[in-house]
Structure formats: C-alpha cells, structure tokens
file my_file20.cif (mmCIF, N, CA and C atoms)
data_entry
#
loop_
_atom_site.label_atom_id
_atom_site.label_comp_id
_atom_site.auth_asym_id
_atom_site.auth_seq_id
_atom_site.Cartn_x
_atom_site.Cartn_y
_atom_site.Cartn_z
N MET A 2 -20.23 70.81 -21.82
CA MET A 2 -20.36 69.83 -20.75
C MET A 2 -19.08 68.99 -20.72
N ILE A 3 -18.68 68.66 -19.50
CA ILE A 3 -17.55 67.75 -19.30
C ILE A 3 -18.08 66.51 -18.59
N GLN A 4 -17.35 65.41 -18.72
CA GLN A 4 -17.85 64.15 -18.18
C GLN A 4 -16.70 63.20 -17.86
N ALA A 5 -16.93 62.36 -16.86
CA ALA A 5 -16.02 61.26 -16.53
C ALA A 5 -16.88 60.07 -16.13
N THR A 6 -16.42 58.87 -16.46
CA THR A 6 -17.19 57.67 -16.14
C THR A 6 -16.28 56.62 -15.50
N ALA A 7 -16.92 55.68 -14.84
CA ALA A 7 -16.19 54.57 -14.23
C ALA A 7 -17.17 53.43 -13.99
N THR A 8 -16.63 52.24 -13.86
CA THR A 8 -17.40 51.07 -13.47
C THR A 8 -16.76 50.55 -12.19
N THR A 9 -17.60 50.16 -11.23
CA THR A 9 -17.10 49.72 -9.94
C THR A 9 -17.90 48.53 -9.42
N ALA A 10 -17.30 47.77 -8.55
CA ALA A 10 -17.99 46.67 -7.88
C ALA A 10 -18.89 47.19 -6.77
N ALA A 11 -18.74 48.44 -6.37
CA ALA A 11 -19.55 49.03 -5.31
C ALA A 11 -21.01 49.14 -5.75
N SER A 12 -21.91 49.08 -4.79
CA SER A 12 -23.35 49.18 -5.08
C SER A 12 -23.76 50.64 -5.26
N PRO A 13 -24.84 50.88 -6.02
CA PRO A 13 -25.36 52.25 -6.14
C PRO A 13 -25.73 52.83 -4.77
N GLU A 14 -26.23 51.99 -3.87
CA GLU A 14 -26.61 52.46 -2.54
C GLU A 14 -25.41 53.02 -1.78
N ASP A 15 -24.31 52.27 -1.79
CA ASP A 15 -23.11 52.73 -1.09
C ASP A 15 -22.52 53.98 -1.74
N LEU A 16 -22.47 54.02 -3.05
CA LEU A 16 -21.95 55.19 -3.75
C LEU A 16 -22.80 56.42 -3.44
N PHE A 17 -24.11 56.26 -3.49
CA PHE A 17 -25.01 57.39 -3.26
C PHE A 17 -24.81 57.96 -1.85
N ARG A 18 -24.70 57.09 -0.85
CA ARG A 18 -24.48 57.56 0.52
C ARG A 18 -23.21 58.41 0.61
N HIS A 19 -22.18 58.01 -0.09
CA HIS A 19 -20.92 58.75 -0.07
C HIS A 19 -21.00 60.08 -0.82
N LEU A 20 -21.94 60.19 -1.72
CA LEU A 20 -22.18 61.46 -2.42
C LEU A 20 -23.08 62.38 -1.59
N ALA A 21 -24.10 61.83 -0.97
CA ALA A 21 -25.10 62.63 -0.26
C ALA A 21 -24.60 63.18 1.07
N VAL A 22 -23.75 62.44 1.76
CA VAL A 22 -23.27 62.85 3.09
C VAL A 22 -22.04 63.75 2.92
N PRO A 23 -22.16 65.05 3.20
CA PRO A 23 -21.03 65.95 2.99
C PRO A 23 -19.74 65.51 3.67
N GLU A 24 -19.83 65.04 4.90
CA GLU A 24 -18.62 64.63 5.63
C GLU A 24 -17.92 63.45 4.96
N ALA A 25 -18.65 62.63 4.23
CA ALA A 25 -18.04 61.50 3.52
C ALA A 25 -17.12 61.97 2.39
N TRP A 26 -17.41 63.16 1.84
CA TRP A 26 -16.52 63.68 0.80
C TRP A 26 -15.10 63.83 1.33
N GLY A 27 -14.98 64.16 2.60
CA GLY A 27 -13.66 64.27 3.21
C GLY A 27 -12.97 62.93 3.34
N ALA A 28 -13.76 61.85 3.44
CA ALA A 28 -13.19 60.50 3.57
C ALA A 28 -12.63 60.01 2.24
N TRP A 29 -13.28 60.32 1.14
CA TRP A 29 -12.83 59.81 -0.15
C TRP A 29 -12.22 60.87 -1.06
N GLY A 30 -12.49 62.15 -0.82
CA GLY A 30 -12.16 63.20 -1.78
C GLY A 30 -10.76 63.77 -1.73
N ARG A 31 -9.99 63.47 -0.70
CA ARG A 31 -8.61 63.96 -0.63
C ARG A 31 -8.53 65.49 -0.65
N PHE A 32 -9.46 66.13 0.03
CA PHE A 32 -9.48 67.59 0.11
C PHE A 32 -8.55 68.06 1.22
N PRO A 33 -8.05 69.29 1.13
CA PRO A 33 -7.11 69.76 2.14
C PRO A 33 -7.72 70.00 3.52
N THR A 34 -9.03 70.20 3.58
CA THR A 34 -9.73 70.39 4.85
C THR A 34 -10.96 69.49 4.88
N PRO A 35 -11.48 69.16 6.05
CA PRO A 35 -12.66 68.30 6.13
C PRO A 35 -13.88 68.95 5.47
N ALA A 36 -14.67 68.13 4.83
CA ALA A 36 -15.94 68.60 4.28
C ALA A 36 -16.98 68.55 5.41
N ARG A 37 -17.95 69.46 5.35
CA ARG A 37 -18.98 69.46 6.39
C ARG A 37 -20.31 69.96 5.84
N ARG A 38 -21.36 69.54 6.52
CA ARG A 38 -22.70 70.01 6.17
C ARG A 38 -22.93 71.33 6.88
N ALA A 39 -23.23 72.37 6.11
CA ALA A 39 -23.51 73.69 6.67
C ALA A 39 -25.00 73.92 6.84
N ARG A 40 -25.81 73.14 6.12
CA ARG A 40 -27.27 73.28 6.19
C ARG A 40 -27.88 71.94 5.81
N ALA A 41 -28.88 71.51 6.57
CA ALA A 41 -29.61 70.28 6.25
C ALA A 41 -30.52 70.52 5.06
N GLY A 42 -30.95 69.44 4.44
CA GLY A 42 -31.86 69.53 3.31
C GLY A 42 -33.22 70.05 3.70
N ASP A 43 -34.00 70.42 2.68
CA ASP A 43 -35.33 71.00 2.91
C ASP A 43 -36.31 69.99 3.51
N THR A 44 -36.30 68.75 3.02
CA THR A 44 -37.25 67.75 3.51
C THR A 44 -36.58 66.47 4.00
N ALA A 45 -35.30 66.32 3.76
CA ALA A 45 -34.53 65.16 4.21
C ALA A 45 -33.17 65.68 4.68
N PRO A 46 -32.57 65.04 5.68
CA PRO A 46 -31.31 65.55 6.24
C PRO A 46 -30.22 65.82 5.21
N TYR A 47 -30.15 65.00 4.16
CA TYR A 47 -29.11 65.16 3.14
C TYR A 47 -29.70 65.40 1.75
N GLY A 48 -30.97 65.74 1.68
CA GLY A 48 -31.66 65.90 0.41
C GLY A 48 -31.47 67.27 -0.23
N VAL A 49 -32.36 67.57 -1.16
CA VAL A 49 -32.32 68.85 -1.87
C VAL A 49 -32.30 69.99 -0.86
N GLY A 50 -31.41 70.94 -1.10
CA GLY A 50 -31.26 72.07 -0.21
C GLY A 50 -30.08 71.95 0.74
N THR A 51 -29.53 70.75 0.89
CA THR A 51 -28.36 70.57 1.74
C THR A 51 -27.22 71.43 1.20
N VAL A 52 -26.52 72.11 2.09
CA VAL A 52 -25.34 72.89 1.69
C VAL A 52 -24.13 72.25 2.34
N LYS A 53 -23.12 71.97 1.51
CA LYS A 53 -21.87 71.43 2.02
C LYS A 53 -20.75 72.42 1.74
N LYS A 54 -19.80 72.43 2.65
CA LYS A 54 -18.61 73.28 2.52
C LYS A 54 -17.41 72.36 2.34
N ILE A 55 -16.72 72.56 1.24
CA ILE A 55 -15.46 71.87 0.96
C ILE A 55 -14.52 72.97 0.49
N TRP A 56 -13.60 73.34 1.34
CA TRP A 56 -12.75 74.48 1.02
C TRP A 56 -12.13 74.34 -0.35
N PRO A 57 -12.25 75.33 -1.19
CA PRO A 57 -12.77 76.67 -0.94
C PRO A 57 -14.23 76.83 -1.35
N ALA A 58 -14.88 75.74 -1.73
CA ALA A 58 -16.22 75.82 -2.31
C ALA A 58 -17.34 75.63 -1.29
N SER A 59 -18.49 76.13 -1.69
CA SER A 59 -19.74 75.89 -0.99
C SER A 59 -20.70 75.41 -2.07
N GLU A 60 -21.40 74.29 -1.80
CA GLU A 60 -22.27 73.67 -2.82
C GLU A 60 -23.62 73.31 -2.22
N ARG A 61 -24.65 73.38 -3.06
CA ARG A 61 -26.01 73.04 -2.62
C ARG A 61 -26.53 71.86 -3.44
N THR A 62 -27.12 70.89 -2.76
CA THR A 62 -27.72 69.73 -3.42
C THR A 62 -28.99 70.18 -4.15
N VAL A 63 -29.08 69.83 -5.44
CA VAL A 63 -30.24 70.22 -6.25
C VAL A 63 -30.97 69.01 -6.84
N ALA A 64 -30.36 67.83 -6.78
CA ALA A 64 -31.01 66.59 -7.25
C ALA A 64 -30.67 65.50 -6.25
N TYR A 65 -31.71 64.83 -5.76
CA TYR A 65 -31.55 63.81 -4.74
C TYR A 65 -32.55 62.70 -5.02
N GLU A 66 -32.12 61.75 -5.84
CA GLU A 66 -32.93 60.59 -6.19
C GLU A 66 -32.15 59.38 -5.72
N PRO A 67 -32.43 58.92 -4.49
CA PRO A 67 -31.60 57.88 -3.89
C PRO A 67 -31.25 56.72 -4.83
N TYR A 68 -29.95 56.48 -4.85
CA TYR A 68 -29.30 55.37 -5.52
C TYR A 68 -29.26 55.50 -7.04
N GLU A 69 -29.73 56.65 -7.59
CA GLU A 69 -29.72 56.84 -9.05
C GLU A 69 -29.10 58.15 -9.50
N HIS A 70 -29.41 59.25 -8.80
CA HIS A 70 -29.01 60.57 -9.30
C HIS A 70 -28.77 61.52 -8.13
N PHE A 71 -27.59 62.14 -8.14
CA PHE A 71 -27.24 63.15 -7.15
C PHE A 71 -26.69 64.34 -7.92
N GLY A 72 -27.22 65.53 -7.66
CA GLY A 72 -26.76 66.73 -8.35
C GLY A 72 -26.52 67.87 -7.39
N TYR A 73 -25.58 68.73 -7.75
CA TYR A 73 -25.27 69.88 -6.89
C TYR A 73 -24.80 71.04 -7.75
N VAL A 74 -24.94 72.25 -7.19
CA VAL A 74 -24.45 73.46 -7.83
C VAL A 74 -23.46 74.14 -6.89
N ALA A 75 -22.50 74.83 -7.47
CA ALA A 75 -21.54 75.60 -6.67
C ALA A 75 -22.17 76.94 -6.33
N LEU A 76 -22.13 77.27 -5.06
CA LEU A 76 -22.62 78.58 -4.61
C LEU A 76 -21.48 79.59 -4.58
N SER A 77 -20.27 79.11 -4.30
CA SER A 77 -19.10 79.99 -4.24
C SER A 77 -17.84 79.13 -4.26
N GLY A 78 -16.71 79.81 -4.50
CA GLY A 78 -15.42 79.16 -4.34
C GLY A 78 -14.79 78.54 -5.57
N LEU A 79 -15.53 78.42 -6.67
CA LEU A 79 -14.94 77.88 -7.90
C LEU A 79 -14.70 79.01 -8.89
N PRO A 80 -13.71 78.88 -9.76
CA PRO A 80 -13.39 79.95 -10.70
C PRO A 80 -14.30 79.95 -11.94
N VAL A 81 -15.58 79.65 -11.73
CA VAL A 81 -16.55 79.59 -12.82
C VAL A 81 -17.90 80.12 -12.34
N ARG A 82 -18.78 80.35 -13.29
CA ARG A 82 -20.17 80.72 -13.00
C ARG A 82 -21.05 79.54 -13.39
N GLY A 83 -22.16 79.39 -12.71
CA GLY A 83 -23.16 78.41 -13.12
C GLY A 83 -22.69 76.98 -13.10
N TYR A 84 -21.80 76.62 -12.18
CA TYR A 84 -21.31 75.24 -12.12
C TYR A 84 -22.39 74.32 -11.59
N ARG A 85 -22.64 73.23 -12.32
CA ARG A 85 -23.58 72.20 -11.88
C ARG A 85 -22.98 70.84 -12.22
N SER A 86 -23.04 69.93 -11.25
CA SER A 86 -22.61 68.54 -11.46
C SER A 86 -23.79 67.62 -11.23
N ASP A 87 -23.88 66.61 -12.06
CA ASP A 87 -24.87 65.56 -11.91
C ASP A 87 -24.16 64.22 -11.96
N VAL A 88 -24.41 63.40 -10.95
CA VAL A 88 -23.81 62.07 -10.87
C VAL A 88 -24.94 61.07 -11.03
N ARG A 89 -24.80 60.21 -12.03
CA ARG A 89 -25.81 59.18 -12.30
C ARG A 89 -25.20 57.82 -11.99
N LEU A 90 -25.99 56.99 -11.33
CA LEU A 90 -25.56 55.66 -10.93
C LEU A 90 -26.49 54.64 -11.58
N GLU A 91 -25.90 53.69 -12.29
CA GLU A 91 -26.69 52.67 -12.99
C GLU A 91 -26.17 51.28 -12.59
N ARG A 92 -27.07 50.51 -11.97
CA ARG A 92 -26.69 49.16 -11.54
C ARG A 92 -26.36 48.32 -12.78
N ARG A 93 -25.22 47.65 -12.72
CA ARG A 93 -24.80 46.76 -13.81
C ARG A 93 -24.22 45.50 -13.20
N ASP A 94 -24.77 44.36 -13.57
CA ASP A 94 -24.30 43.07 -13.07
C ASP A 94 -24.10 43.15 -11.56
N ALA A 95 -22.87 42.96 -11.11
CA ALA A 95 -22.60 42.95 -9.67
C ALA A 95 -22.02 44.28 -9.21
N GLY A 96 -22.26 45.35 -9.96
CA GLY A 96 -21.67 46.63 -9.60
C GLY A 96 -22.47 47.81 -10.11
N THR A 97 -21.75 48.89 -10.41
CA THR A 97 -22.40 50.14 -10.80
C THR A 97 -21.59 50.85 -11.87
N PHE A 98 -22.31 51.42 -12.86
CA PHE A 98 -21.71 52.33 -13.83
C PHE A 98 -21.96 53.74 -13.29
N LEU A 99 -20.90 54.52 -13.18
CA LEU A 99 -20.94 55.86 -12.60
C LEU A 99 -20.63 56.87 -13.70
N ARG A 100 -21.52 57.86 -13.88
CA ARG A 100 -21.29 58.93 -14.85
C ARG A 100 -21.39 60.27 -14.13
N TRP A 101 -20.31 61.04 -14.14
CA TRP A 101 -20.25 62.33 -13.45
C TRP A 101 -20.13 63.40 -14.52
N GLU A 102 -21.12 64.26 -14.63
CA GLU A 102 -21.14 65.31 -15.64
C GLU A 102 -21.17 66.68 -14.98
N ALA A 103 -20.64 67.68 -15.67
CA ALA A 103 -20.68 69.04 -15.14
C ALA A 103 -20.82 70.03 -16.28
N THR A 104 -21.50 71.11 -15.97
CA THR A 104 -21.60 72.25 -16.89
C THR A 104 -21.16 73.49 -16.13
N PHE A 105 -20.67 74.48 -16.85
CA PHE A 105 -20.17 75.71 -16.23
C PHE A 105 -19.97 76.77 -17.29
N GLU A 106 -19.80 78.01 -16.84
CA GLU A 106 -19.40 79.11 -17.69
C GLU A 106 -18.13 79.70 -17.09
N PRO A 107 -17.11 79.93 -17.91
CA PRO A 107 -15.87 80.52 -17.35
C PRO A 107 -16.12 81.96 -16.88
N LEU A 108 -15.43 82.34 -15.83
CA LEU A 108 -15.52 83.73 -15.34
C LEU A 108 -14.85 84.69 -16.31
N ILE A 109 -13.74 84.26 -16.89
CA ILE A 109 -12.98 85.12 -17.79
C ILE A 109 -13.14 84.60 -19.21
N PRO A 110 -13.66 85.42 -20.13
CA PRO A 110 -13.84 84.98 -21.52
C PRO A 110 -12.54 84.43 -22.09
N GLY A 111 -12.66 83.32 -22.82
CA GLY A 111 -11.51 82.70 -23.47
C GLY A 111 -10.81 81.66 -22.63
N THR A 112 -11.17 81.54 -21.36
CA THR A 112 -10.50 80.57 -20.49
C THR A 112 -11.24 79.25 -20.40
N GLY A 113 -12.34 79.11 -21.13
CA GLY A 113 -13.15 77.90 -21.07
C GLY A 113 -12.36 76.61 -21.30
N PRO A 114 -11.52 76.52 -22.33
CA PRO A 114 -10.77 75.28 -22.55
C PRO A 114 -9.83 74.93 -21.38
N VAL A 115 -9.16 75.91 -20.82
CA VAL A 115 -8.22 75.64 -19.72
C VAL A 115 -8.99 75.23 -18.47
N VAL A 116 -10.04 75.97 -18.14
CA VAL A 116 -10.84 75.65 -16.96
C VAL A 116 -11.53 74.30 -17.17
N GLY A 117 -12.03 74.06 -18.37
CA GLY A 117 -12.67 72.78 -18.67
C GLY A 117 -11.71 71.61 -18.50
N PHE A 118 -10.47 71.79 -18.94
CA PHE A 118 -9.46 70.75 -18.77
C PHE A 118 -9.24 70.46 -17.29
N ALA A 119 -9.08 71.50 -16.48
CA ALA A 119 -8.85 71.32 -15.04
C ALA A 119 -10.05 70.65 -14.37
N LEU A 120 -11.25 71.08 -14.71
CA LEU A 120 -12.45 70.48 -14.10
C LEU A 120 -12.64 69.03 -14.57
N ARG A 121 -12.32 68.74 -15.81
CA ARG A 121 -12.40 67.36 -16.31
C ARG A 121 -11.43 66.46 -15.53
N GLN A 122 -10.24 66.97 -15.26
CA GLN A 122 -9.28 66.20 -14.46
C GLN A 122 -9.81 65.96 -13.05
N MET A 123 -10.50 66.96 -12.50
CA MET A 123 -11.10 66.81 -11.18
C MET A 123 -12.16 65.71 -11.20
N LEU A 124 -13.03 65.73 -12.20
CA LEU A 124 -14.08 64.70 -12.28
C LEU A 124 -13.48 63.32 -12.49
N ARG A 125 -12.43 63.23 -13.29
CA ARG A 125 -11.75 61.94 -13.48
C ARG A 125 -11.18 61.43 -12.16
N ALA A 126 -10.61 62.33 -11.39
CA ALA A 126 -10.09 61.93 -10.08
C ALA A 126 -11.24 61.46 -9.18
N PHE A 127 -12.34 62.19 -9.17
CA PHE A 127 -13.49 61.81 -8.34
C PHE A 127 -14.01 60.42 -8.72
N THR A 128 -14.05 60.13 -10.03
CA THR A 128 -14.57 58.82 -10.46
C THR A 128 -13.58 57.69 -10.19
N ARG A 129 -12.36 58.02 -9.82
CA ARG A 129 -11.41 57.00 -9.34
C ARG A 129 -11.46 56.90 -7.82
N TRP A 130 -11.40 58.04 -7.15
CA TRP A 130 -11.31 58.06 -5.69
C TRP A 130 -12.57 57.53 -5.01
N LEU A 131 -13.75 57.94 -5.49
CA LEU A 131 -15.00 57.51 -4.85
C LEU A 131 -15.14 55.99 -4.88
N PRO A 132 -15.08 55.34 -6.04
CA PRO A 132 -15.20 53.88 -6.04
C PRO A 132 -14.11 53.18 -5.24
N ALA A 133 -12.87 53.67 -5.33
CA ALA A 133 -11.77 53.03 -4.59
C ALA A 133 -12.05 53.07 -3.09
N HIS A 134 -12.55 54.18 -2.61
CA HIS A 134 -12.88 54.29 -1.18
C HIS A 134 -14.06 53.39 -0.82
N VAL A 135 -15.13 53.47 -1.61
CA VAL A 135 -16.35 52.73 -1.27
C VAL A 135 -16.10 51.22 -1.28
N GLU A 136 -15.28 50.74 -2.19
CA GLU A 136 -14.99 49.31 -2.26
C GLU A 136 -14.24 48.81 -1.03
N HIS A 137 -13.61 49.72 -0.29
CA HIS A 137 -12.86 49.35 0.92
C HIS A 137 -13.21 50.29 2.08
N CYS A 138 -14.44 50.68 2.17
CA CYS A 138 -14.89 51.68 3.14
C CYS A 138 -14.72 51.19 4.58
N PRO A 139 -14.00 51.98 5.40
CA PRO A 139 -13.79 51.57 6.79
C PRO A 139 -15.05 51.76 7.64
N PRO A 140 -15.17 51.04 8.72
CA PRO A 140 -16.36 51.12 9.58
C PRO A 140 -16.62 52.51 10.15
N ASP A 141 -15.59 53.33 10.31
CA ASP A 141 -15.79 54.64 10.91
C ASP A 141 -16.09 55.74 9.88
N CYS A 142 -16.32 55.38 8.64
CA CYS A 142 -16.61 56.37 7.59
C CYS A 142 -17.93 57.10 7.90
N PRO A 143 -17.97 58.42 7.69
CA PRO A 143 -19.20 59.18 7.95
C PRO A 143 -20.41 58.67 7.15
N ALA A 144 -20.20 58.12 5.98
CA ALA A 144 -21.32 57.62 5.18
C ALA A 144 -21.99 56.43 5.85
N ARG A 145 -21.24 55.67 6.61
CA ARG A 145 -21.80 54.51 7.33
C ARG A 145 -22.61 54.95 8.55
N ARG A 146 -22.24 56.09 9.14
CA ARG A 146 -22.90 56.55 10.36
C ARG A 146 -24.12 57.41 10.09
N ALA A 147 -24.25 57.95 8.89
CA ALA A 147 -25.33 58.88 8.59
C ALA A 147 -26.69 58.19 8.54
N GLU A 148 -27.69 58.88 9.04
CA GLU A 148 -29.06 58.35 9.00
C GLU A 148 -29.92 59.29 8.14
N GLY A 149 -30.98 58.76 7.63
CA GLY A 149 -31.92 59.59 6.87
C GLY A 149 -31.71 59.60 5.38
N ILE A 150 -30.98 58.60 4.88
CA ILE A 150 -30.77 58.52 3.42
C ILE A 150 -31.62 57.40 2.88
#
call {"tool": "encode", "arguments": {"input": "my_file20.cif", "output": "structure tokens"}}
result
Amino acid sequence: MIQATATTAASPEDLFRHLAVPEAWGAWGRFPTPARRARAGDTAPYGVGTVKKIWPASERTVAYEPYEHFGYVALSGLPVRGYRSDVRLERRDAGTFLRWEATFEPLIPGTGPVVGFALRQMLRAFTRWLPAHVEHCPPDCPARRAEGI
C-alpha cells in the first residue's frame, strides 16, 4: 500500500465534492485532457458505479460516503493491475485531514518498487493540488455546479 496525507483549511464537504464530480478533477488535477463522467452512478449521479475518464485512465467509483470516504478502482489505462484508491476525510478543528491510499499489483514482475514510487509521487501531488484548488475554488468550478451530492 502507498499513502499520502495532508491537512487543509478546506471543509470535508468541499473536498468530497471535488473528488466525486469527475469534471472537477480537470479543475484541480492538472491532467493533459479534461476529465469527464462516462457513466452516472447506480443510485446517485456521482455515487458508486460512476465511471470517469481521465486520459489515459478509466475509473469506477466503488466507495461513496459523503464527506468521509471516496474510493475508486482503475478499469484501464494504468500500468498496474488491481489499482484501488481510497480517500478518507477527517474533520479537524477548522479544516480537514486528508489521507489518500492506494493498492495495486505491478503488471511486470519486479517493477513494484519503481511503479510504487511513481504512484506515490502522484498521490503526493494530488494531496497538494486538491486542497490548494479547493481553498481558492473559482465560482465556475464544476464541483460548485454539480447537483446530487
């Protein structure tokens, strides 16, 4: 398992919205192409079953506990098997403690340490970029416009 953590002044509610809304990933994630929802959730627009596309990956939401826990699995596009990320949000004082964890199996035996290093760097970037964006989120952000969360 790999992990990255951060503490932010942003609320768990605001952070969760930015995790649940696929298009918001494009606002904070610095991806080369816009993120988009390819499929709505099974019982909620952004809940479990939602599929998001972020080039080159496709991911499905597997945990949706508003303001506390958001989890997803990679369906395609990552150089690993069985990738799962879980983001936990814990209210602390006037902000939130954010813990982003991931598990995976390397596609090529022996590459686990190198792939793990790269994915850990990705999670560290996410735990910097997400709070930085949310703390200064512009009015036109997709997370602000989304309904059903």
call {"tool": "residues_around", "arguments": {"input": "my_file20.cif", "residues": "A:Ser12", "least_positions_apart": "3", "cutoff": "7 Å", "atoms": "only N, CA and C atoms", "output": "list in words"}}
result
Thr9, Asp15, Leu16, Phe17, Ala95, Gly96 and Thr97 of chain A
call {"tool": "select_by_dssp", "arguments": {"input": "my_file20.cif", "residues": "stretch 34-147 of chain A", "states": "helix (DSSP H, G or I)", "output": "ChimeraX atom specification"}}
result
/A:113-136,143-146
call {"tool": "select_by_dssp", "arguments": {"input": "my_file20.cif", "residues": "chain A", "states": "strand (DSSP E or B)", "output": "NGL selection string"}}
result
:A and (3-9 or 37-40 or 52-55 or 58-66 or 70-77 or 81-93 or 96-107)
call {"tool": "atom_distance", "arguments": {"input": "my_file20.cif", "atom1": "atom CA of A:Glu69", "atom2": "atom C of A:Pro143"}}
result
18.8 Å
call {"tool": "atom_distance", "arguments": {"input": "my_file20.cif", "atom1": "atom N of A:Arg85", "atom2": "atom C of A:Trp29"}}
result
19.7 Å
call {"tool": "residues_around", "arguments": {"input": "my_file20.cif", "residues": "stretch 43-53 of chain A", "least_positions_apart": "6", "cutoff": "6 Å", "atoms": "all atoms listed in the file", "output": "list in words"}}
result
Ala21, Pro23, Arg37, Ser59, Glu60, Arg61, Thr62, Val63, Ala64, Tyr65 and Gly149 of chain A
call {"tool": "residues_around", "arguments": {"input": "my_file20.cif", "residues": "A:Trp56", "least_positions_apart": "6", "cutoff": "7 Å", "atoms": "all atoms listed in the file", "output": "PyMOL selection string"}}
result
chain A and resi 33-36
call {"tool": "resolve_selection", "arguments": {"input": "my_file20.cif", "expression": "the PyMOL selection byres (((chain A and resi 117 and name CA) around 12) and name CA)", "output": "short mmCIF file (atom, residue, chain, number, x, y, z; two decimals) with N, CA and C atoms, in the coordinates of the input"}}
result
data_model
loop_
_atom_site.label_atom_id
_atom_site.label_comp_id
_atom_site.auth_asym_id
_atom_site.auth_seq_id
_atom_site.Cartn_x
_atom_site.Cartn_y
_atom_site.Cartn_z
N MET A 2 -20.23 70.81 -21.82
CA MET A 2 -20.36 69.83 -20.75
C MET A 2 -19.08 68.99 -20.72
N ILE A 3 -18.68 68.66 -19.50
CA ILE A 3 -17.55 67.75 -19.30
C ILE A 3 -18.08 66.51 -18.59
N GLN A 4 -17.35 65.41 -18.72
CA GLN A 4 -17.85 64.15 -18.18
C GLN A 4 -16.70 63.20 -17.86
N PRO A 80 -13.71 78.88 -9.76
CA PRO A 80 -13.39 79.95 -10.70
C PRO A 80 -14.30 79.95 -11.94
N VAL A 81 -15.58 79.65 -11.73
CA VAL A 81 -16.55 79.59 -12.82
C VAL A 81 -17.90 80.12 -12.34
N TYR A 84 -21.80 76.62 -12.18
CA TYR A 84 -21.31 75.24 -12.12
C TYR A 84 -22.39 74.32 -11.59
N GLU A 102 -21.12 64.26 -14.63
CA GLU A 102 -21.14 65.31 -15.64
C GLU A 102 -21.17 66.68 -14.98
N ALA A 103 -20.64 67.68 -15.67
CA ALA A 103 -20.68 69.04 -15.14
C ALA A 103 -20.82 70.03 -16.28
N THR A 104 -21.50 71.11 -15.97
CA THR A 104 -21.60 72.25 -16.89
C THR A 104 -21.16 73.49 -16.13
N PHE A 105 -20.67 74.48 -16.85
CA PHE A 105 -20.17 75.71 -16.23
C PHE A 105 -19.97 76.77 -17.29
N GLU A 106 -19.80 78.01 -16.84
CA GLU A 106 -19.40 79.11 -17.69
C GLU A 106 -18.13 79.70 -17.09
N PRO A 107 -17.11 79.93 -17.91
CA PRO A 107 -15.87 80.52 -17.35
C PRO A 107 -16.12 81.96 -16.88
N LEU A 108 -15.43 82.34 -15.83
CA LEU A 108 -15.52 83.73 -15.34
C LEU A 108 -14.85 84.69 -16.31
N GLY A 111 -12.66 83.32 -22.82
CA GLY A 111 -11.51 82.70 -23.47
C GLY A 111 -10.81 81.66 -22.63
N THR A 112 -11.17 81.54 -21.36
CA THR A 112 -10.50 80.57 -20.49
C THR A 112 -11.24 79.25 -20.40
N GLY A 113 -12.34 79.11 -21.13
CA GLY A 113 -13.15 77.90 -21.07
C GLY A 113 -12.36 76.61 -21.30
N PRO A 114 -11.52 76.52 -22.33
CA PRO A 114 -10.77 75.28 -22.55
C PRO A 114 -9.83 74.93 -21.38
N VAL A 115 -9.16 75.91 -20.82
CA VAL A 115 -8.22 75.64 -19.72
C VAL A 115 -8.99 75.23 -18.47
N VAL A 116 -10.04 75.97 -18.14
CA VAL A 116 -10.84 75.65 -16.96
C VAL A 116 -11.53 74.30 -17.17
N PHE A 118 -10.47 71.79 -18.94
CA PHE A 118 -9.46 70.75 -18.77
C PHE A 118 -9.24 70.46 -17.29
N ALA A 119 -9.08 71.50 -16.48
CA ALA A 119 -8.85 71.32 -15.04
C ALA A 119 -10.05 70.65 -14.37
N LEU A 120 -11.25 71.08 -14.71
CA LEU A 120 -12.45 70.48 -14.10
C LEU A 120 -12.64 69.03 -14.57
N ARG A 121 -12.32 68.74 -15.81
CA ARG A 121 -12.40 67.36 -16.31
C ARG A 121 -11.43 66.46 -15.53
N GLN A 122 -10.24 66.97 -15.26
CA GLN A 122 -9.28 66.20 -14.46
C GLN A 122 -9.81 65.96 -13.05
N MET A 123 -10.50 66.96 -12.50
CA MET A 123 -11.10 66.81 -11.18
C MET A 123 -12.16 65.71 -11.20
N LEU A 124 -13.03 65.73 -12.20
CA LEU A 124 -14.08 64.70 -12.28
C LEU A 124 -13.48 63.32 -12.49
#
call {"tool": "atom_distance", "arguments": {"input": "my_file20.cif", "atom1": "atom N of A:Thr6", "atom2": "atom CA of A:Gly42"}}
result
27.3 Å
call {"tool": "closest_residue", "arguments": {"input": "my_file20.cif", "among": "A:Tyr68, A:Pro57, A:Trp101, A:Arg18", "to": "A:Arg129", "atoms": "only C-alpha atoms"}}
result
A:Trp101
call {"tool": "residues_near_point", "arguments": {"input": "my_file20.cif", "point": "(-17.1, 52.0, -4.9)", "cutoff": "6 Å", "atoms": "all atoms listed in the file", "output": "JSON list (two decimals) with N, CA and C atoms, in the frame of the given file"}}
result
[["chain", "number", "residue", "atom", "x", "y", "z"],
["A", 9, "THR", "N", -17.60, 50.16, -11.23],
["A", 9, "THR", "CA", -17.10, 49.72, -9.94],
["A", 9, "THR", "C", -17.90, 48.53, -9.42],
["A", 10, "ALA", "N", -17.30, 47.77, -8.55],
["A", 10, "ALA", "CA", -17.99, 46.67, -7.88],
["A", 10, "ALA", "C", -18.89, 47.19, -6.77],
["A", 11, "ALA", "N", -18.74, 48.44, -6.37],
["A", 11, "ALA", "CA", -19.55, 49.03, -5.31],
["A", 11, "ALA", "C", -21.01, 49.14, -5.75],
["A", 12, "SER", "N", -21.91, 49.08, -4.79],
["A", 12, "SER", "CA", -23.35, 49.18, -5.08],
["A", 12, "SER", "C", -23.76, 50.64, -5.26],
["A", 16, "LEU", "N", -22.47, 54.02, -3.05],
["A", 16, "LEU", "CA", -21.95, 55.19, -3.75],
["A", 16, "LEU", "C", -22.80, 56.42, -3.44],
["A", 131, "LEU", "N", -13.75, 57.94, -5.49],
["A", 131, "LEU", "CA", -15.00, 57.51, -4.85],
["A", 131, "LEU", "C", -15.14, 55.99, -4.88],
["A", 132, "PRO", "N", -15.08, 55.34, -6.04],
["A", 132, "PRO", "CA", -15.20, 53.88, -6.04],
["A", 132, "PRO", "C", -14.11, 53.18, -5.24],
["A", 133, "ALA", "N", -12.87, 53.67, -5.33],
["A", 133, "ALA", "CA", -11.77, 53.03, -4.59],
["A", 133, "ALA", "C", -12.05, 53.07, -3.09],
["A", 134, "HIS", "N", -12.55, 54.18, -2.61],
["A", 134, "HIS", "CA", -12.88, 54.29, -1.18],
["A", 134, "HIS", "C", -14.06, 53.39, -0.82],
["A", 135, "VAL", "N", -15.13, 53.47, -1.61],
["A", 135, "VAL", "CA", -16.35, 52.73, -1.27],
["A", 135, "VAL", "C", -16.10, 51.22, -1.28],
["A", 136, "GLU", "N", -15.28, 50.74, -2.19],
["A", 136, "GLU", "CA", -14.99, 49.31, -2.26],
["A", 136, "GLU", "C", -14.24, 48.81, -1.03]]
call {"tool": "closest_residue", "arguments": {"input": "my_file20.cif", "among": "A:Val74, A:Ala5, A:His137, A:Arg38", "to": "A:Lys54", "atoms": "only N, CA and C atoms"}}
result
A:Arg38
